[in-house]
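Source file: final_7.txt (compact mmCIF, C-alpha atoms and all ligand atoms)
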```
# COMPACT_ATOMS: atom_id res chain seq x y z
CA MET J 158 93.16 93.96 60.32
CA SER J 159 96.89 93.48 60.14
CA GLU J 160 96.69 93.38 56.34
CA MET J 161 94.48 96.43 56.23
CA TYR J 162 96.80 98.40 58.47
CA ARG J 163 99.87 97.34 56.49
CA ALA J 164 98.23 98.69 53.36
CA GLU J 165 97.26 101.91 55.15
CA VAL J 166 100.59 102.44 56.95
CA PRO J 167 103.45 100.82 54.98
CA LEU J 168 105.95 101.48 57.80
CA TYR J 169 104.04 98.94 59.83
CA GLY J 170 105.21 96.27 57.37
CA ASP J 171 108.80 97.31 58.12
CA LEU J 172 108.21 96.84 61.84
CA ILE J 173 106.81 93.37 61.25
CA SER J 174 109.83 92.26 59.24
CA LEU J 175 112.24 93.84 61.74
CA VAL J 176 110.57 92.06 64.65
CA SER J 177 110.44 88.67 62.97
CA GLU J 178 114.15 88.87 62.09
CA ILE J 179 114.99 89.74 65.69
CA ASN J 180 112.78 87.01 67.14
CA GLN J 181 114.41 84.42 64.91
CA SER J 182 117.92 85.43 65.89
CA VAL J 183 117.05 85.51 69.61
CA MET J 184 115.65 81.98 69.37
CA ASP J 185 118.76 80.83 67.51
CA ALA J 186 120.98 82.36 70.19
CA PHE J 187 119.00 81.09 73.21
CA PRO J 188 117.81 77.53 72.66
CA ASP J 189 116.61 77.32 76.29
CA LEU J 190 114.27 80.21 75.74
CA LYS J 191 113.04 78.62 72.55
CA ALA J 192 112.41 75.35 74.37
CA ARG J 193 110.46 77.18 77.06
CA LEU J 194 108.30 78.94 74.48
CA GLU J 195 107.65 75.58 72.87
CA ARG J 196 106.71 73.99 76.20
CA SER J 197 104.32 76.74 77.17
CA GLY J 198 102.75 76.93 73.73
CA GLU J 199 103.72 80.60 73.45
CA ILE J 200 105.81 79.89 70.38
CA ALA J 201 102.61 79.64 68.36
CA ARG J 202 101.57 83.17 69.23
CA LEU J 203 104.92 84.86 68.70
CA GLY J 204 104.53 85.68 65.02
CA VAL J 205 100.87 86.65 65.25
CA GLU J 206 100.94 88.55 68.51
CA ARG J 207 99.67 92.11 68.29
CA HIS J 208 97.96 94.78 70.24
CA GLY J 209 96.16 97.73 68.76
CA ALA J 210 94.42 100.84 70.00
CA ILE J 211 91.29 102.83 69.25
CA ARG J 212 89.62 105.86 70.83
CA VAL J 213 85.87 106.31 70.96
CA GLY J 214 83.68 109.29 71.74
CA THR J 215 80.51 108.06 73.43
CA ALA J 216 79.20 105.53 75.91
CA GLN J 217 77.12 103.95 73.18
CA GLU J 218 80.12 103.48 70.90
CA LEU J 219 82.02 101.88 73.75
CA SER J 220 79.27 99.50 74.76
CA ASN J 221 78.58 98.42 71.17
CA LEU J 222 82.26 97.65 70.68
CA ARG J 223 82.22 95.70 73.93
CA ARG J 224 79.43 93.54 72.47
CA ILE J 225 81.41 92.95 69.27
CA PHE J 226 84.59 92.03 71.16
CA ALA J 227 82.62 89.70 73.44
CA LEU J 228 81.51 87.78 70.35
CA MET J 229 85.18 87.39 69.49
CA GLY J 230 86.04 86.06 72.95
CA MET J 231 87.57 89.28 74.24
CA GLN J 232 86.71 90.75 77.64
CA PRO J 233 87.47 94.21 79.05
CA VAL J 234 90.36 93.84 81.48
CA ALA J 235 91.60 96.60 83.83
CA TYR J 236 90.80 100.30 84.09
CA TYR J 237 93.39 102.90 83.12
CA ASP J 238 93.02 106.57 84.00
CA LEU J 239 95.10 108.67 81.60
CA SER J 240 93.81 112.06 82.75
CA ILE J 241 96.52 112.17 85.42
CA ALA J 242 98.98 112.29 82.54
CA GLY J 243 97.18 115.10 80.75
CA VAL J 244 95.31 112.91 78.28
CA PRO J 245 91.52 113.39 78.48
CA VAL J 246 90.53 109.72 78.26
CA HIS J 247 90.06 106.64 80.36
CA SER J 248 90.57 103.18 79.01
CA THR J 249 90.41 99.43 79.21
CA ALA J 250 91.87 96.66 77.07
CA PHE J 251 89.75 93.97 75.45
CA ARG J 252 91.52 90.63 75.37
CA PRO J 253 91.06 86.87 75.72
CA VAL J 254 91.40 85.61 79.28
CA GLU J 255 91.74 81.82 79.02
CA ARG J 256 95.20 80.37 78.54
CA SER J 257 94.29 78.35 75.45
CA ASP J 258 92.67 81.42 73.86
CA LEU J 259 95.67 83.57 74.69
CA ASN J 260 97.99 81.09 73.03
CA ALA J 261 95.73 80.78 70.00
CA SER J 262 95.38 84.54 69.53
CA PRO J 263 96.59 86.98 72.17
CA PHE J 264 95.25 90.04 70.34
CA ARG J 265 94.37 92.90 72.66
CA ILE J 266 92.81 96.21 71.86
CA PHE J 267 93.49 99.20 74.08
CA THR J 268 90.25 101.16 73.99
CA SER J 269 89.93 104.70 75.24
CA LEU J 270 86.79 106.71 75.90
CA LEU J 271 87.03 110.45 75.47
CA ARG J 272 86.10 112.45 78.58
CA LEU J 273 84.24 115.32 76.98
CA GLU J 274 83.61 116.84 80.41
CA LEU J 275 87.27 117.79 80.41
CA ILE J 276 86.78 120.28 77.57
CA GLU J 277 86.59 123.61 79.39
CA ASP J 278 84.92 125.63 76.66
CA VAL J 279 81.22 124.78 77.09
CA ALA J 280 80.21 125.75 73.55
CA LEU J 281 82.95 123.58 72.07
CA ARG J 282 82.03 120.73 74.39
CA ASP J 283 78.41 120.88 73.26
CA LYS J 284 79.44 121.04 69.64
CA ALA J 285 81.71 118.01 70.02
CA ALA J 286 78.91 116.10 71.76
CA ALA J 287 76.50 116.96 68.95
CA ILE J 288 78.93 115.80 66.26
CA LEU J 289 79.51 112.53 68.09
CA ALA J 290 75.78 112.01 68.60
CA GLY J 291 75.29 112.31 64.86
CA ARG J 292 77.76 109.69 63.74
CA GLN J 293 77.34 105.94 63.57
CA ILE J 294 80.55 103.94 63.74
CA ILE J 295 78.96 100.52 63.21
CA SER J 296 76.67 99.99 60.23
CA ASP J 297 73.04 98.94 60.67
CA ARG J 298 73.91 95.57 59.20
CA GLY J 299 76.83 95.22 61.61
CA LEU J 300 74.54 95.88 64.57
CA GLU J 301 71.96 93.48 63.18
CA LEU J 302 74.58 90.72 62.97
CA VAL J 303 75.61 91.43 66.57
CA GLU J 304 72.01 91.01 67.66
CA ILE J 305 71.62 87.76 65.74
CA ALA J 306 74.81 86.41 67.28
CA GLU J 307 73.80 87.44 70.80
CA GLU J 308 70.43 85.79 70.40
CA LYS J 309 71.92 82.57 69.12
CA ASN J 310 74.76 82.60 71.63
CA GLY J 311 77.34 82.76 68.88
CA LEU J 312 77.64 83.98 65.34
CA PRO J 313 76.12 81.57 62.79
CA LEU J 314 78.90 80.40 60.46
CA GLU J 315 77.10 81.61 57.37
CA HIS J 316 77.50 85.23 58.59
CA LYS J 317 81.16 84.93 59.53
CA ASP J 318 82.72 86.69 56.54
CA GLU J 319 80.14 89.43 56.43
CA PHE J 320 80.54 90.07 60.14
CA LEU J 321 84.33 90.31 59.86
CA GLN J 322 83.99 92.75 56.99
CA GLU J 323 81.61 94.95 58.99
CA VAL J 324 83.94 94.92 61.99
CA LEU J 325 86.96 95.68 59.85
CA ASN J 326 85.13 98.67 58.42
CA VAL J 327 84.72 100.13 61.91
CA PHE J 328 88.50 100.39 62.28
CA ARG J 329 89.28 101.63 58.79
CA TRP J 330 90.97 104.99 58.18
CA HIS J 331 88.73 107.66 56.65
CA PRO J 332 90.64 110.51 55.03
CA ASN J 333 87.39 112.46 54.69
CA ALA J 334 86.70 114.27 57.95
CA ILE J 335 83.14 114.92 59.16
CA VAL J 336 83.92 118.47 60.34
CA ASP J 337 85.05 121.64 58.63
CA HIS J 338 88.56 122.97 58.94
CA GLU J 339 87.74 125.53 61.60
CA THR J 340 85.94 123.06 63.85
CA TYR J 341 88.90 120.73 63.50
CA ARG J 342 91.25 123.54 64.54
CA ASN J 343 89.14 124.42 67.57
CA LEU J 344 88.95 120.81 68.69
CA HIS J 345 92.65 120.47 68.06
CA ASP J 346 93.40 123.53 70.18
CA ALA J 347 91.39 122.04 73.05
CA HIS J 348 93.49 118.85 72.70
CA ARG J 349 94.84 117.02 69.67
CA LEU J 350 93.27 113.88 70.93
CA ILE J 351 89.81 115.45 70.98
CA ALA J 352 90.22 116.39 67.32
CA ASP J 353 91.29 112.83 66.55
CA VAL J 354 88.22 111.29 68.17
CA VAL J 355 85.57 113.76 67.06
CA SER J 356 86.56 114.70 63.50
CA PHE J 357 86.26 111.36 61.74
CA LYS J 358 83.65 108.80 60.74
CA GLY J 359 84.98 106.15 63.03
CA PRO J 360 87.64 105.02 65.48
CA HIS J 361 90.47 104.25 63.06
CA ILE J 362 92.94 101.78 64.50
CA ASN J 363 95.82 104.08 65.45
CA HIS J 364 98.58 101.50 65.83
CA LEU J 365 99.19 97.76 65.72
CA THR J 366 102.07 96.51 67.78
CA PRO J 367 104.06 93.35 67.12
CA SER J 368 105.86 91.66 69.99
CA THR J 369 109.60 91.13 70.13
CA LEU J 370 111.90 88.98 72.25
CA ASP J 371 114.50 91.78 72.35
CA ILE J 372 113.22 95.32 72.38
CA ASP J 373 116.68 96.88 72.70
CA ALA J 374 117.61 95.27 69.38
CA ALA J 375 114.30 96.50 67.94
CA GLN J 376 114.99 100.06 69.10
CA GLU J 377 118.46 99.90 67.51
CA GLY J 378 117.00 98.35 64.35
CA MET J 379 114.41 101.12 63.99
CA LYS J 380 117.13 103.74 64.19
CA GLN J 381 119.28 101.89 61.66
CA ARG J 382 116.38 101.83 59.24
CA GLY J 383 115.95 105.55 59.66
CA ILE J 384 112.65 105.23 61.52
CA SER J 385 112.19 108.04 64.05
CA ALA J 386 111.94 106.02 67.24
CA LYS J 387 110.87 107.42 70.58
CA SER J 388 113.89 108.45 72.63
CA VAL J 389 113.26 106.18 75.61
CA ILE J 390 111.79 102.73 75.96
CA GLU J 391 108.80 102.87 78.32
CA GLY J 392 108.55 100.54 81.28
CA PRO J 393 111.22 98.67 83.22
CA PRO J 394 114.88 98.65 82.13
CA ALA J 395 116.53 95.72 80.33
CA ARG J 396 116.90 92.81 82.75
CA LYS J 397 117.83 89.13 82.77
CA VAL J 398 114.25 88.28 83.68
CA PRO J 399 111.89 90.52 81.70
CA ILE J 400 108.96 91.82 83.77
CA LEU J 401 105.66 93.35 82.68
CA LEU J 402 105.95 95.31 79.45
CA ARG J 403 108.54 97.42 77.62
CA GLN J 404 107.43 99.56 74.68
CA THR J 405 108.84 101.85 72.06
CA SER J 406 107.15 103.62 69.17
CA PHE J 407 107.77 105.72 66.10
CA THR J 408 106.13 109.10 65.88
CA ALA J 409 102.82 109.62 64.17
CA LEU J 410 102.63 110.10 60.42
CA GLU J 411 101.34 113.31 58.98
CA GLU J 412 98.43 112.27 56.77
CA VAL J 413 96.40 114.21 54.28
CA VAL J 414 92.76 114.72 55.23
CA CYS J 415 89.91 116.42 53.51
CA PHE J 416 87.64 118.63 55.62
CA THR J 417 84.00 119.17 54.72
CA ASP J 418 84.68 122.69 53.45
CA ASP J 419 87.76 121.77 51.44
CA THR J 420 87.51 122.40 47.76
CA GLY J 421 89.96 121.12 45.21
CA ASP J 422 93.43 120.95 46.69
CA ALA J 423 92.79 122.83 49.94
CA GLN J 424 93.68 119.85 52.04
CA GLY J 425 94.69 119.64 55.66
CA THR J 426 96.70 117.09 57.57
CA HIS J 427 96.22 115.09 60.70
CA THR J 428 98.64 113.06 62.81
CA ALA J 429 97.16 110.10 64.61
CA ARG J 430 98.64 106.86 63.44
CA PHE J 431 101.98 105.56 64.59
CA GLY J 432 103.95 102.37 65.10
CA GLU J 433 104.90 100.56 68.24
CA ILE J 434 106.92 97.51 69.29
CA GLU J 435 106.58 95.76 72.62
CA GLN J 436 108.33 93.12 74.67
CA ARG J 437 106.42 91.28 77.35
CA GLY J 438 107.73 89.68 80.51
CA ILE J 439 106.40 87.99 83.60
CA ALA J 440 103.18 89.19 85.28
CA LEU J 441 103.71 90.65 88.76
CA THR J 442 101.61 90.03 91.86
CA PRO J 443 100.21 93.05 93.73
CA ALA J 444 103.38 93.03 95.88
CA GLY J 445 105.57 92.93 92.78
CA ARG J 446 103.55 95.68 91.13
CA THR J 447 103.86 97.93 94.18
CA LEU J 448 107.62 97.46 94.08
CA TYR J 449 107.62 98.18 90.33
CA ASP J 450 105.64 101.40 90.84
CA GLN J 451 108.07 102.48 93.58
CA CYS J 452 111.15 101.82 91.45
CA LEU J 453 109.62 103.62 88.48
CA ALA J 454 108.63 106.64 90.58
CA GLU J 455 112.17 106.79 91.96
CA ALA J 456 113.68 106.70 88.47
CA ARG J 457 111.34 109.33 87.07
CA GLY J 458 111.56 111.75 89.98
CA ALA J 459 110.27 115.19 89.13
CA SER J 460 111.49 115.22 85.54
CA GLY J 461 109.63 112.14 84.30
CA SER J 462 111.50 110.32 81.57
CA THR J 463 112.88 113.49 80.03
CA SER J 464 116.15 113.83 81.92
CA GLU J 465 119.28 113.03 80.00
CA ASP J 466 120.48 110.37 82.42
CA TYR J 467 117.08 108.62 82.49
CA ALA J 468 118.46 105.25 81.35
CA GLU J 469 120.98 105.20 84.22
CA ARG J 470 118.41 106.41 86.73
CA LEU J 471 116.13 103.59 85.64
CA GLN J 472 118.87 100.97 86.02
CA ARG J 473 119.79 102.32 89.45
CA ALA J 474 116.21 102.45 90.73
CA PHE J 475 115.49 98.91 89.54
CA ALA J 476 118.53 97.54 91.33
CA HIS J 477 116.03 97.03 94.21
CA PHE J 478 113.97 94.69 92.04
CA PRO J 479 115.22 91.08 92.23
CA ASP J 480 116.36 89.90 88.78
CA ASP J 481 116.23 86.16 89.35
CA MET J 482 113.31 83.91 88.49
CA GLU J 483 113.57 81.79 91.64
CA ILE J 484 113.80 84.82 93.95
CA LEU J 485 110.81 86.42 92.26
CA ARG J 486 108.92 83.20 92.89
CA LYS J 487 110.03 82.70 96.47
CA GLN J 488 109.26 86.30 97.39
CA GLY J 489 105.82 86.12 95.79
CA LEU J 490 106.57 89.00 93.42
CA ALA J 491 105.48 87.29 90.19
CA TYR J 492 103.01 84.69 88.91
CA PHE J 493 103.98 81.19 87.78
CA ARG J 494 102.36 78.16 86.24
CA TYR J 495 103.49 74.90 87.76
CA VAL J 496 103.81 72.16 85.18
CA PRO J 497 104.89 68.53 85.55
CA THR J 498 108.10 67.54 83.73
CA ALA J 499 108.31 64.33 81.71
CA GLU J 500 109.97 62.77 84.74
CA GLY J 501 107.18 64.11 86.91
CA LEU J 502 104.55 62.57 84.68
CA ASN J 503 106.33 59.22 84.88
CA ALA J 504 106.52 59.51 88.63
CA THR J 505 102.79 60.08 88.94
CA GLN J 506 102.30 56.68 87.33
CA SER J 507 104.63 54.91 89.71
CA ASP J 508 104.84 54.61 93.47
CA HIS J 509 106.65 57.93 93.72
CA LYS J 510 103.32 59.61 93.99
CA GLY J 511 102.93 61.41 97.25
CA THR J 512 105.89 63.78 97.14
CA GLN J 513 104.44 66.76 98.94
CA GLY J 514 104.78 70.47 98.48
CA VAL J 515 105.65 72.60 95.51
CA ASP J 516 109.22 73.33 96.63
CA LYS J 517 110.00 69.62 97.06
CA LEU J 518 108.50 68.78 93.68
CA LEU J 519 110.55 71.54 92.08
CA GLU J 520 113.74 70.37 93.79
CA ALA J 521 113.11 66.81 92.68
CA GLY J 522 112.67 68.05 89.11
CA LEU J 523 109.15 66.64 88.96
CA ILE J 524 107.60 69.99 88.12
CA VAL J 525 108.88 73.31 86.77
CA ALA J 526 107.70 76.86 87.41
CA GLU J 527 106.96 78.64 84.13
CA PRO J 528 106.58 82.43 84.14
CA ILE J 529 103.04 83.66 83.39
CA LEU J 530 103.22 86.35 80.74
CA TYR J 531 101.87 89.85 81.42
CA GLU J 532 98.92 90.44 79.07
CA ASP J 533 97.93 93.95 80.11
CA PHE J 534 99.16 97.54 79.91
CA LEU J 535 100.86 100.10 82.14
CA PRO J 536 99.29 103.51 82.66
CA VAL J 537 102.54 105.48 82.90
CA SER J 538 103.87 103.78 79.76
CA ALA J 539 100.57 104.28 77.92
CA ALA J 540 100.68 107.97 78.83
CA GLY J 541 104.22 108.13 77.41
CA ILE J 542 103.04 106.49 74.18
CA PHE J 543 100.07 108.86 73.89
CA GLN J 544 102.36 111.82 74.56
CA SER J 545 104.98 110.87 72.03
CA ASN J 546 102.44 110.40 69.26
CA LEU J 547 100.72 113.64 70.19
CA GLY J 548 103.90 115.39 69.23
CA GLY J 549 105.52 115.26 72.65
CA ALA J 550 105.25 118.98 73.27
CA GLU J 551 101.68 118.80 74.44
CA GLN J 552 101.77 119.08 78.23
CA ARG J 553 98.52 119.62 80.01
CA SER J 554 97.07 118.70 83.29
CA TYR J 555 93.53 117.95 84.35
CA ASP J 556 92.20 117.95 87.90
CA ALA J 557 90.07 115.01 86.91
CA GLN J 558 89.71 112.02 89.15
CA ALA J 559 89.87 108.43 88.07
CA SER J 560 86.30 107.46 87.43
CA GLN J 561 86.03 103.73 87.03
CA ASP J 562 82.32 103.76 87.89
CA THR J 563 81.50 106.20 85.09
CA PHE J 564 83.61 104.19 82.68
CA GLU J 565 81.93 100.92 83.62
CA ALA J 566 78.49 102.50 83.35
CA ALA J 567 79.39 103.53 79.78
CA LEU J 568 80.86 100.12 79.00
CA GLY J 569 77.81 98.34 80.35
CA VAL J 570 79.75 95.82 82.44
CA PRO J 571 82.49 95.97 85.09
CA VAL J 572 86.05 95.51 83.89
CA LEU J 573 87.85 92.35 85.00
CA ASP J 574 90.65 92.59 87.55
CA PRO J 575 93.91 91.40 85.94
CA PHE J 576 95.41 90.24 89.24
CA VAL J 577 92.46 87.90 89.74
CA LEU J 578 93.00 86.43 86.26
CA TYR J 579 96.72 85.77 86.80
CA GLN J 580 96.04 84.31 90.24
CA GLN J 581 93.50 81.96 88.66
CA LEU J 582 96.01 80.74 86.08
CA GLN J 583 98.51 80.05 88.86
CA ASP J 584 95.92 78.39 91.11
CA GLU J 585 94.62 76.16 88.31
CA SER J 586 98.12 74.88 87.67
CA LEU J 587 98.65 74.23 91.39
CA ALA J 588 95.37 72.35 91.61
CA GLU J 589 96.48 70.16 88.71
CA VAL J 590 99.85 69.48 90.37
CA GLU J 591 98.03 68.64 93.59
CA ARG J 592 95.75 66.26 91.74
CA LEU J 593 98.66 64.53 90.02
CA PHE J 594 100.99 64.14 92.95
CA SER J 595 98.84 63.84 96.07
CA GLY J 596 97.84 60.53 97.52
CA GLY J 597 99.82 57.44 96.68
C1 LIG Y 601 96.78 104.25 73.11
C2 LIG Y 601 98.10 104.43 73.76
C3 LIG Y 601 98.39 103.31 74.75
C4 LIG Y 601 99.95 101.29 74.83
O1 LIG Y 601 100.51 100.40 74.21
O2 LIG Y 601 100.23 101.57 76.01
C5 LIG Y 601 98.93 102.08 74.14
C6 LIG Y 601 96.43 105.31 72.12
O3 LIG Y 601 97.30 106.10 71.71
O4 LIG Y 601 95.25 105.36 71.73
O5 LIG Y 601 98.61 101.68 73.06
NI NI Y 602 100.13 100.48 72.21
```

For this file, produce the structure as C-alpha cells.
Amino acid sequence: MSEMYRAEVPLYGDLISLVSEINQSVMDAFPDLKARLERSGEIARLGVERHGAIRVGTAQELSNLRRIFALMGMQPVAYYDLSIAGVPVHSTAFRPVERSDLNASPFRIFTSLLRLELIEDVALRDKAAAILAGRQIISDRGLELVEIAEEKNGLPLEHKDEFLQEVLNVFRWHPNAIVDHETYRNLHDAHRLIADVVSFKGPHINHLTPSTLDIDAAQEGMKQRGISAKSVIEGPPARKVPILLRQTSFTALEEVVCFTDDTGDAQGTHTARFGEIEQRGIALTPAGRTLYDQCLAEARGASGSTSEDYAERLQRAFAHFPDDMEILRKQGLAYFRYVPTAEGLNATQSDHKGTQGVDKLLEAGLIVAEPILYEDFLPVSAAGIFQSNLGGAEQRSYDAQASQDTFEAALGVPVLDPFVLYQQLQDESLAEVERLFSGG
C-alpha cells in the first residue's frame, strides 16, 4: 500500500525520505535512545511504521473491512466521536494488539463511518444512501476469499497474493466519480467529507503517516522543502519525555476528477488526500489521560488552537504534567514494561533470587522500566487533522451524541478498550518479573 500511495501521491515519498533522515540523525545524536529502541525491539518497526485512514459510508462496508483486517491480525481498538468537532463521522482504528505483532508491523488504519443521519436535507440524505447502497467496495472475488479464509481459520497460502491484490484495490484512488457534477456539489455543500465518502467507487486511502523521532525537526523540514505544513502540531507540546501522540500534516492536494456527466475536458477537482507525520510517546493510564485532557483544555480555552500564542499556552498548561519518566511511573500516570537487565538475569540464576518488590529490583538494577508506546489516536488531534485537510475554513457543529452502540452494531463487534490492552502489557511483564525473581 505504501508503494501504491507513493505512486499516487509523490509528496508522500518526500515525507518518507525526510523522516528517515531525521530518525537517523536522532539515533546518531542520542545513543541511549537508540539502545532503548534496540532493547525493546521497536527499532525494527521504525522504518516501516505507518498509519493510514479511510472513510466508509455504510455499516456493511465497515463490517466487511473489519473481517478483512481481522484476517490480517488487526482488531478495532477504541471509539472516537468526531461529531463534537463538526465532522459527521465516528471512528475506530484497526491495529495489532500483541507486542510481538506490534513490533513486527505496527500498521494502524483509522477508519471512519459516515453518519448520514447528520445530513439535514432529507432528499439529499436519501440520495446519498441510495448511491452508497448501489456501490460495492470489495469485489466478489475479494469477498469469496474472505469467506474461504474465515472457514479455514486463516488464508490458505496459495491465495495470498490474490487476496492482497483484492485488498489493495479497495484502497486505490479512483479519479472517475460515480456521481454527476451537481450531485457532487450538493453533497459537498452539505459537508466536504460527505462528498468524499459518497462520490467515489471506494474508500481511497487518504493519507499514510510515517513516524518520526523528532516531529519539531520534521515540521521545520517540511517548511524548508516548501511543503505547506499545518500551522500547529496537534497534541502535547515538545517535552523531554514524549507522551501519547504529536501530529502534523500538509494540506490536501487538489486532484482532477471526472464526474459521470463530464465530457471531454470538463473536469472537476476534489481535495481529499494529504500527508501527515507523527511522533509517538508513552501510553498514559486513565489518570494520566485525565490530566492530559485537562492540560489540553486549558491551553485551548475558547479559541481552540487558533490563537497566535497557542504554542506558549500549550507549554504553560503542560507545566502541570510531570516531565520525568520516574515521576510518571511513581505517580501511575503512564504504562511501563518491566524487563530484567543482564545483571538481573544472572541474579535469577544465583542465590540472589528473592529480592522483592518492583522498586527494590529497579534500585538494584536488576530490572528496568521501559515506556509502553501509545498505539492509538486522540480525538481532538484527529479533529484538527480532519479540519486542516478539509480546508480549515469549514466550521460546523452537530448536536449529535457519541453513539458507540450504533457504531459497534455497524461494525459487528465491540471495539477493544485501549486502556485494558496497555494494562495487560504492563501486567504480563510484572508477572514475568515475579516469576523470575520470587522464591529463592
Ligand atoms: C482521519 C483523520 C484522523 C489522525 O491521524 O488523527 C487521523 C481522516 O481524515 O480520515 O488520521
Ligand atoms: Ni492520521

What are the nearest atom pairs, with distances in Å to one decimal, for all residues of chain J that come at most 12 Å from ligand NI 602 (chain Y), using all atoms listed in the file, set out by chain and rising residue number as CSV?
```
residue,atom,partner,partner_atom,distance
J:Arg207,CA,Y:NI602,NI,9.3
J:His208,CA,Y:NI602,NI,6.4
J:Gly209,CA,Y:NI602,NI,5.9
J:Ala210,CA,Y:NI602,NI,6.1
J:Ile211,CA,Y:NI602,NI,9.6
J:Arg212,CA,Y:NI602,NI,11.9
J:Ala250,CA,Y:NI602,NI,10.3
J:Phe264,CA,Y:NI602,NI,11.7
J:Arg265,CA,Y:NI602,NI,9.5
J:Ile266,CA,Y:NI602,NI,8.5
J:Phe267,CA,Y:NI602,NI,7.0
J:Thr268,CA,Y:NI602,NI,10.1
J:Ser269,CA,Y:NI602,NI,11.4
J:Ile362,CA,Y:NI602,NI,10.6
J:Asn363,CA,Y:NI602,NI,8.8
J:His364,CA,Y:NI602,NI,6.6
J:Leu365,CA,Y:NI602,NI,7.1
J:Thr366,CA,Y:NI602,NI,6.3
J:Pro367,CA,Y:NI602,NI,9.6
J:Ser368,CA,Y:NI602,NI,10.7
J:Glu391,CA,Y:NI602,NI,10.9
J:Leu402,CA,Y:NI602,NI,10.6
J:Arg403,CA,Y:NI602,NI,10.5
J:Gln404,CA,Y:NI602,NI,7.8
J:Thr405,CA,Y:NI602,NI,8.8
J:Ser406,CA,Y:NI602,NI,8.3
J:Phe407,CA,Y:NI602,NI,11.1
J:Arg430,CA,Y:NI602,NI,10.9
J:Phe431,CA,Y:NI602,NI,9.3
J:Gly432,CA,Y:NI602,NI,8.3
J:Glu433,CA,Y:NI602,NI,6.2
J:Ile434,CA,Y:NI602,NI,8.0
J:Glu435,CA,Y:NI602,NI,8.0
J:Gln436,CA,Y:NI602,NI,11.3
J:Asp533,CA,Y:NI602,NI,10.5
J:Phe534,CA,Y:NI602,NI,8.3
J:Leu535,CA,Y:NI602,NI,10.0
J:Pro536,CA,Y:NI602,NI,10.9
J:Ser538,CA,Y:NI602,NI,9.0
J:Ala539,CA,Y:NI602,NI,6.9
J:Ala540,CA,Y:NI602,NI,10.0
J:Gly541,CA,Y:NI602,NI,10.1
J:Ile542,CA,Y:NI602,NI,7.0
J:Phe543,CA,Y:NI602,NI,8.5
J:Gln544,CA,Y:NI602,NI,11.8
J:Ser545,CA,Y:NI602,NI,11.5
J:Asn546,CA,Y:NI602,NI,10.6
```

### Query
In Å, how far is it from atom CA of Arg437 of chain J to atom CA of Glu589 of chain J?
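Separation of atom CA of Arg437 of chain J and atom CA of Glu589 of chain J: 26.0 Å.
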
Among J:Glu323, J:Glu199, J:Asp171, J:Asp189, Leu530 of chain J is approached most closely, using all atoms listed in the file, by J:Glu199

Worksheet entry | Given only C-alpha atoms and all ligand atoms as the counted atoms, nearest of J:Pro263, J:Gly569, J:Pro360, J:Pro497 to ligand LIG 601 (chain Y) |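 Among J:Pro263, J:Gly569, J:Pro360, J:Pro497, it is J:Pro360 that comes nearest to ligand LIG 601 (chain Y).
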
re atom CA of Tyr169 of chain J and atom C5 of ligand LIG 601 (chain Y): distance 15.5 Å

* Asked: Which residues come within 10 Å of Leu518 of chain J, counting only C-alpha atoms, excluding same-chain residues fewer than 3 positions away, as a count of residues only?
  -> 15

Residue neighbourhood Ser220 of chain J, 10 Å, all atoms listed in the file, exclusion window fewer than 5 positions, as a CSV table (one decimal) with C-alpha atoms, keeping the file's coordinate frame:
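And here's around.csv as it stands now:
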```csv
chain,number,residue,atom,x,y,z
J,215,THR,CA,80.5,108.1,73.4
J,225,ILE,CA,81.4,93.0,69.3
J,226,PHE,CA,84.6,92.0,71.2
J,565,GLU,CA,81.9,100.9,83.6
J,566,ALA,CA,78.5,102.5,83.4
J,567,ALA,CA,79.4,103.5,79.8
J,568,LEU,CA,80.9,100.1,79.0
J,569,GLY,CA,77.8,98.3,80.4
J,570,VAL,CA,79.8,95.8,82.4
```

### Residue with smallest distance to ligand LIG 601 (chain Y) - pool J:Phe187, J:Phe251, J:Phe475, J:Tyr162, counting all atoms listed in the file
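When distances to ligand LIG 601 (chain Y) are compared using all atoms listed in the file, the smallest one comes from J:Phe251.
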
- request: Can you pull out every residue within 10 Å of segment 280-291 of chain J, counting all atoms listed in the file, but drop anything in the same chain fewer than 4 positions away, and send it as a ChimeraX atom specification?
  value: /J:213-215,217-218,273-276,335-336,340,343-344,347,351-352,354-359
